[in-house]
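> The structure under discussion is supplied below as structure tokens; questions concerning it will follow.
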Amino acid sequence: MYGTRDAGAIWESCYAACLTKMGFVQGGASPCCFQHPEWDVNVVVHGDDFTALGNADALDKFEAGTTATFECKLKGRLGTGDGISKKCESSIA
């Protein structure tokens, strides 16, 4: 896929299918924005980087869903400290 003219469109189709299968709704104004109505998680995708906003339980569900499809590395979480030390020791991308 890399190096082809339509690589970006193929990748968008791939991650959009993964996220919508998990219950996310793709944004109308930007196809790079997703929202999960039940988990209250918002995700923005830039290239192959996913940035997610939500509480720790919802982010755990997001992490489980994405790692079931993609090889991921978690760079860490920002927050109040609840469960942060455990998450910063592992990796998702």
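Identifiers in the structure tokens: chain A, B, ... in order shown; residue index from 1 per chain; ligand index from 1 in order shown.
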If we count only C-alpha atoms, what is near Leu53 in chain A at a cut-off of 8 Å, once residues fewer than 3 positions away on the same chain are taken out, given as a ChimeraX atom specification?
/A:41-43,59
> Could the residues in this selection be written to a file with N, CA, C and O atoms, as a short mmCIF file (atom, residue, chain, number, x, y, z; two decimals), in the first residue's frame?

data_model
loop_
_atom_site.label_atom_id
_atom_site.label_comp_id
_atom_site.auth_asym_id
_atom_site.auth_seq_id
_atom_site.Cartn_x
_atom_site.Cartn_y
_atom_site.Cartn_z
N VAL A 41 -16.31 8.66 24.07
CA VAL A 41 -14.92 8.78 23.65
C VAL A 41 -14.87 9.52 22.32
O VAL A 41 -15.67 9.23 21.43
N ASN A 42 -13.97 10.47 22.20
CA ASN A 42 -13.74 11.18 20.95
C ASN A 42 -12.34 10.82 20.46
O ASN A 42 -11.40 10.80 21.25
N VAL A 43 -12.23 10.55 19.16
CA VAL A 43 -10.95 10.15 18.56
C VAL A 43 -10.68 11.02 17.35
O VAL A 43 -11.58 11.29 16.54
N LEU A 59 -11.30 4.46 27.57
CA LEU A 59 -10.04 4.37 26.83
C LEU A 59 -9.50 2.94 26.82
O LEU A 59 -8.89 2.52 25.83
#
> Give me, as JSON lines, each residue of range 1-46 of chain A that comes within 12 Å of range 60-73 of chain A, together with its shortest interatomic pair and the distance in Å at one decimal, counting only C-alpha atoms, with rows ordered by chain and rising residue number.

{"residue": "A:Trp11", "atom": "CA", "partner": "A:Phe70", "partner_atom": "CA", "distance": 11.8}
{"residue": "A:Cys14", "atom": "CA", "partner": "A:Thr69", "partner_atom": "CA", "distance": 9.8}
{"residue": "A:Tyr15", "atom": "CA", "partner": "A:Thr66", "partner_atom": "CA", "distance": 8.9}
{"residue": "A:Ala16", "atom": "CA", "partner": "A:Thr66", "partner_atom": "CA", "distance": 11.1}
{"residue": "A:Ala17", "atom": "CA", "partner": "A:Thr69", "partner_atom": "CA", "distance": 10.3}
{"residue": "A:Cys18", "atom": "CA", "partner": "A:Thr69", "partner_atom": "CA", "distance": 7.2}
{"residue": "A:Leu19", "atom": "CA", "partner": "A:Thr66", "partner_atom": "CA", "distance": 7.7}
{"residue": "A:Thr20", "atom": "CA", "partner": "A:Gly65", "partner_atom": "CA", "distance": 10.7}
{"residue": "A:Lys21", "atom": "CA", "partner": "A:Gly65", "partner_atom": "CA", "distance": 9.2}
{"residue": "A:Met22", "atom": "CA", "partner": "A:Gly65", "partner_atom": "CA", "distance": 6.7}
{"residue": "A:Gly23", "atom": "CA", "partner": "A:Gly65", "partner_atom": "CA", "distance": 10.2}
{"residue": "A:Phe24", "atom": "CA", "partner": "A:Phe62", "partner_atom": "CA", "distance": 9.8}
{"residue": "A:Phe34", "atom": "CA", "partner": "A:Phe62", "partner_atom": "CA", "distance": 11.7}
{"residue": "A:Gln35", "atom": "CA", "partner": "A:Phe62", "partner_atom": "CA", "distance": 11.1}
{"residue": "A:His36", "atom": "CA", "partner": "A:Phe62", "partner_atom": "CA", "distance": 9.5}
{"residue": "A:Glu38", "atom": "CA", "partner": "A:Lys61", "partner_atom": "CA", "distance": 11.3}
{"residue": "A:Trp39", "atom": "CA", "partner": "A:Lys61", "partner_atom": "CA", "distance": 8.4}
{"residue": "A:Asp40", "atom": "CA", "partner": "A:Phe62", "partner_atom": "CA", "distance": 10.7}
{"residue": "A:Val41", "atom": "CA", "partner": "A:Phe62", "partner_atom": "CA", "distance": 8.1}
{"residue": "A:Asn42", "atom": "CA", "partner": "A:Phe62", "partner_atom": "CA", "distance": 10.0}
{"residue": "A:Val43", "atom": "CA", "partner": "A:Phe62", "partner_atom": "CA", "distance": 9.4}
> Please report the interatomic distance between CA of His46 in chain A and CA of Lys75 in chain A in Å with one decimal.
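Distance between the two atoms: 15.2 Å.
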> Write down as a VMD selection string the residues of range 10-67 of chain A whose backbone DSSP state falls under helix (DSSP H, G or I).
chain A and resid 10 to 21 56 to 67
> DSSP says strand (DSSP E) for which residues of chain A? Put them as an MDAnalysis selection string?
chainID A and resid 25:26 33:36 41:46 49:53
> What is the distance, in Å and to one decimal place, between CA of Gly54 in chain A and CA of Ser13 in chain A?
23.7 Å
> Have a look at A:Ala58, A:Ile10, A:Val44, A:Ala52 and name the one nearest to Gly76 in chain A; count only C-alpha atoms.
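Under the stated criterion, the closest residue is A:Ala52.
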> In Å, rounded to a single decimal, give me how far CA of Gly28 in chain A is from CA of Asn55 in chain A.
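Straight-line distance from CA of Asn55 in chain A to CA of Gly28 in chain A works out to 23.9 Å.
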